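protein10.cif, holding mmCIF, C-alpha atoms:
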data_final
loop_
_atom_site.group_PDB
_atom_site.id
_atom_site.type_symbol
_atom_site.label_atom_id
_atom_site.label_comp_id
_atom_site.auth_asym_id
_atom_site.auth_seq_id
_atom_site.Cartn_x
_atom_site.Cartn_y
_atom_site.Cartn_z
ATOM 1 C CA MET A 280 0.000 0.000 0.000
ATOM 2 C CA SER A 281 1.339 3.435 -0.921
ATOM 3 C CA ASP A 282 1.735 6.259 1.594
ATOM 4 C CA ALA A 283 -1.044 8.177 -0.202
ATOM 5 C CA GLU A 284 -3.418 5.236 0.071
ATOM 6 C CA ALA A 285 -2.565 4.788 3.772
ATOM 7 C CA ILE A 286 -3.428 8.461 4.421
ATOM 8 C CA VAL A 287 -6.789 8.133 2.664
ATOM 9 C CA ASN A 288 -7.587 4.852 4.444
ATOM 10 C CA ALA A 289 -6.762 6.436 7.819
ATOM 11 C CA PHE A 290 -9.052 9.354 6.946
ATOM 12 C CA MET A 291 -11.862 6.948 5.983
ATOM 13 C CA ALA A 292 -11.446 5.131 9.325
ATOM 14 C CA GLU A 293 -12.264 8.406 11.125
ATOM 15 C CA PHE A 294 -15.882 7.811 10.053
ATOM 16 C CA ASP A 295 -16.087 4.582 12.073
ATOM 17 C CA VAL A 296 -17.427 6.551 15.056
ATOM 18 C CA GLU A 297 -20.939 8.006 15.325
ATOM 19 C CA HIS A 298 -19.813 11.634 15.325
ATOM 20 C CA PRO A 299 -16.382 12.127 13.770
ATOM 21 C CA ASP A 300 -14.454 15.083 15.158
ATOM 22 C CA ALA A 301 -14.369 17.927 12.597
ATOM 23 C CA ASP A 302 -11.030 19.239 13.912
ATOM 24 C CA GLN A 303 -9.477 15.794 13.588
ATOM 25 C CA LEU A 304 -10.930 15.394 10.088
ATOM 26 C CA ALA A 305 -9.614 18.823 9.062
ATOM 27 C CA SER A 306 -6.120 17.883 10.262
ATOM 28 C CA TYR A 307 -5.828 15.576 7.227
ATOM 29 C CA PHE A 308 -6.029 18.539 4.795
ATOM 30 C CA THR A 309 -3.635 21.141 3.418
ATOM 31 C CA ASP A 310 -4.425 24.814 4.110
ATOM 32 C CA ASP A 311 -5.449 25.323 0.466
ATOM 33 C CA ALA A 312 -7.461 22.118 0.201
ATOM 34 C CA VAL A 313 -10.570 21.757 -1.945
ATOM 35 C CA TYR A 314 -13.375 19.343 -1.000
ATOM 36 C CA HIS A 315 -15.954 18.909 -3.734
ATOM 37 C CA ASN A 316 -19.075 16.789 -3.546
ATOM 38 C CA MET A 317 -19.580 16.952 -7.288
ATOM 39 C CA PRO A 318 -23.325 17.659 -7.248
ATOM 40 C CA MET A 319 -22.669 20.747 -5.075
ATOM 41 C CA ALA A 320 -20.328 23.746 -4.950
ATOM 42 C CA PRO A 321 -16.766 23.035 -3.770
ATOM 43 C CA ALA A 322 -15.457 23.979 -0.335
ATOM 44 C CA GLU A 323 -12.210 25.853 -0.998
ATOM 45 C CA GLY A 324 -9.601 26.462 1.705
ATOM 46 C CA ILE A 325 -9.177 24.778 5.066
ATOM 47 C CA GLU A 326 -11.861 26.828 6.851
ATOM 48 C CA ALA A 327 -14.485 25.986 4.202
ATOM 49 C CA VAL A 328 -13.413 22.331 4.232
ATOM 50 C CA LYS A 329 -13.679 22.270 8.030
ATOM 51 C CA ALA A 330 -17.168 23.829 7.859
ATOM 52 C CA ALA A 331 -18.268 21.160 5.369
ATOM 53 C CA LEU A 332 -16.785 18.418 7.547
ATOM 54 C CA THR A 333 -18.562 19.874 10.590
ATOM 55 C CA GLY A 334 -21.851 19.295 8.747
ATOM 56 C CA VAL A 335 -20.864 15.719 7.956
ATOM 57 C CA SER A 336 -19.800 15.094 11.562
ATOM 58 C CA GLN A 337 -23.245 16.198 12.806
ATOM 59 C CA MET A 338 -24.852 13.278 10.999
ATOM 60 C CA THR A 339 -24.697 9.949 12.794
ATOM 61 C CA SER A 340 -22.077 7.940 10.956
ATOM 62 C CA LYS A 341 -22.539 4.202 10.623
ATOM 63 C CA GLY A 342 -19.114 3.817 9.050
ATOM 64 C CA TRP A 343 -17.711 4.211 5.580
ATOM 65 C CA GLU A 344 -16.811 0.944 3.884
ATOM 66 C CA VAL A 345 -14.075 1.081 1.254
ATOM 67 C CA LEU A 346 -14.874 -1.566 -1.356
ATOM 68 C CA HIS A 347 -11.964 -0.921 -3.718
ATOM 69 C CA SER A 348 -8.950 1.342 -3.605
ATOM 70 C CA ALA A 349 -6.247 2.140 -6.139
ATOM 71 C CA ALA A 350 -3.348 4.539 -6.043
ATOM 72 C CA ASN A 351 -1.191 6.040 -8.752
ATOM 73 C CA GLY A 352 1.495 8.152 -7.141
ATOM 74 C CA ASP A 353 -0.224 10.771 -5.007
ATOM 75 C CA VAL A 354 -3.712 10.136 -6.428
ATOM 76 C CA VAL A 355 -6.029 7.665 -4.704
ATOM 77 C CA LEU A 356 -9.388 6.464 -5.994
ATOM 78 C CA ASN A 357 -11.779 4.591 -3.788
ATOM 79 C CA GLU A 358 -15.175 3.062 -4.301
ATOM 80 C CA ARG A 359 -17.061 3.001 -1.056
ATOM 81 C CA VAL A 360 -20.361 2.867 0.787
ATOM 82 C CA ASP A 361 -21.024 5.759 3.182
ATOM 83 C CA ARG A 362 -23.641 5.026 5.832
ATOM 84 C CA PHE A 363 -25.402 7.612 8.015
ATOM 85 C CA VAL A 364 -28.515 8.136 10.082
ATOM 86 C CA ILE A 365 -30.061 11.511 9.268
ATOM 87 C CA GLY A 366 -33.273 12.623 10.980
ATOM 88 C CA GLY A 367 -33.991 9.026 11.955
ATOM 89 C CA ASN A 368 -33.543 7.731 8.388
ATOM 90 C CA ASP A 369 -30.866 5.235 7.435
ATOM 91 C CA VAL A 370 -28.976 6.679 4.470
ATOM 92 C CA THR A 371 -26.620 4.647 2.281
ATOM 93 C CA VAL A 372 -24.596 6.436 -0.385
ATOM 94 C CA LEU A 373 -22.539 4.683 -3.049
ATOM 95 C CA VAL A 374 -19.520 6.899 -3.712
ATOM 96 C CA CYS A 375 -16.436 7.090 -5.872
ATOM 97 C CA GLY A 376 -13.834 9.328 -4.242
ATOM 98 C CA VAL A 377 -10.743 10.883 -5.797
ATOM 99 C CA PHE A 378 -8.049 12.158 -3.443
ATOM 100 C CA GLU A 379 -4.910 14.092 -4.321
ATOM 101 C CA ILE A 380 -2.216 13.989 -1.659
ATOM 102 C CA ARG A 381 0.496 16.625 -1.235
ATOM 103 C CA ASP A 382 3.142 16.630 1.486
ATOM 104 C CA GLY A 383 1.313 13.909 3.417
ATOM 105 C CA LYS A 384 -2.072 15.662 3.453
ATOM 106 C CA ILE A 385 -5.205 15.732 1.332
ATOM 107 C CA ALA A 386 -5.023 18.669 -1.093
ATOM 108 C CA ARG A 387 -8.068 17.785 -3.226
ATOM 109 C CA TRP A 388 -11.022 15.498 -2.504
ATOM 110 C CA ARG A 389 -13.775 14.919 -5.023
ATOM 111 C CA ASP A 390 -16.726 12.621 -4.329
ATOM 112 C CA TYR A 391 -19.030 11.437 -7.092
ATOM 113 C CA PHE A 392 -22.454 10.091 -6.098
ATOM 114 C CA ASP A 393 -26.101 10.138 -7.147
ATOM 115 C CA MET A 394 -27.705 13.149 -5.459
ATOM 116 C CA ALA A 395 -31.245 11.990 -6.317
ATOM 117 C CA SER A 396 -30.683 8.688 -4.529
ATOM 118 C CA PHE A 397 -29.281 10.540 -1.521
ATOM 119 C CA GLN A 398 -32.225 12.969 -1.381
ATOM 120 C CA LYS A 399 -34.815 10.178 -1.646
ATOM 121 C CA GLN A 400 -33.387 8.676 1.558
ATOM 122 C CA MET A 401 -33.569 11.930 3.508
ATOM 123 C CA PRO A 402 -36.478 12.712 5.850
ATOM 124 C CA GLY A 403 -39.331 13.934 3.656
ATOM 125 C CA GLY A 404 -37.532 12.654 0.543
#
Structure rendered as structure tokens:
Amino acid sequence: MSDAEAIVNAFMAEFDVEHPDADQLASYFTDDAVYHNMPMAPAEGIEAVKAALTGVSQMTSKGWEVLHSAANGDVVLNERVDRFVIGGNDVTVLVCGVFEIRDGKIARWRDYFDMASFQKQMPGG
């Protein structure tokens, strides 16, 4: 396993607790990081990334399962299943993530998923 893949896998393991710590999650990122859930606008810069991760950490995580992972240098792709409880609803999201690592931290993170499927699982969806 490459160093880049180990960093991403450690980051994914942070979601194995019900409420991941946003400060701990943010510590994985560079100051100029970009986090982009592709159906939405990107979070640019560490403060925006931390704010986005604070929202994620307020959901009840049921763990993120990495199904497949591949690395090419400092780029890591993973196919995974993200599980949450939101407003009493179990939510399962199939995701493909792309991570770019720089100097041992995540500089870019893009997640691709079906927003319609996600919204149908939300309360009132």
Problem - Answer key for the PyMOL selection byres ((chain A and resi 343-350) around 12), residues as a ChimeraX atom specification - result: /A:280-297,299,339-342,351-363,370-380
Practice task
Report as a ChimeraX atom specification the residues that result from applying the PyMOL selection byres ((chain A and resi 368) around 7) to the structure here.
Solution key: /A:364-367,369-370,400-402
Exercise for the section: Could you expand the PyMOL selection byres ((chain A and resi 324) around 12) into the explicit residues it covers here, written as a PyMOL selection string? Expected result: chain A and resi 305+308-315+321-323+325-331+385-388
Any chance you could work out the axis-aligned box around range 317-335 of chain A, listed atoms only, 6 Å on each side, giving centre and edge lengths in Å to one decimal, as AutoDock Vina command-line options?
--center_x -16.3 --center_y 21.3 --center_z 1.7 --size_x 26.1 --size_y 23.1 --size_z 29.9
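Interatomic distance, CA of Gly334 in chain A against CA of Asp382 in chain A: 26.2 Å.
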Problem - Point-to-point distance from CA of Pro318 in chain A to CA of Leu304 in chain A, Å rounded to tenths - result: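 These two atoms are separated by 21.4 Å.
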Exercise for the section: Tell me, in Å to one decimal, how far CA of Lys384 in chain A is from CA of Ala320 in chain A. Expected result: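 Answer for the CA of Lys384 in chain A to CA of Ala320 in chain A separation: 21.7 Å.
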Completion exercise
Nearest to Met319 in chain A, restricted to all atoms listed in the file and choosing among A:Ser306, A:Lys399, A:Asp390, A:Val335, comes out as A:Asp390
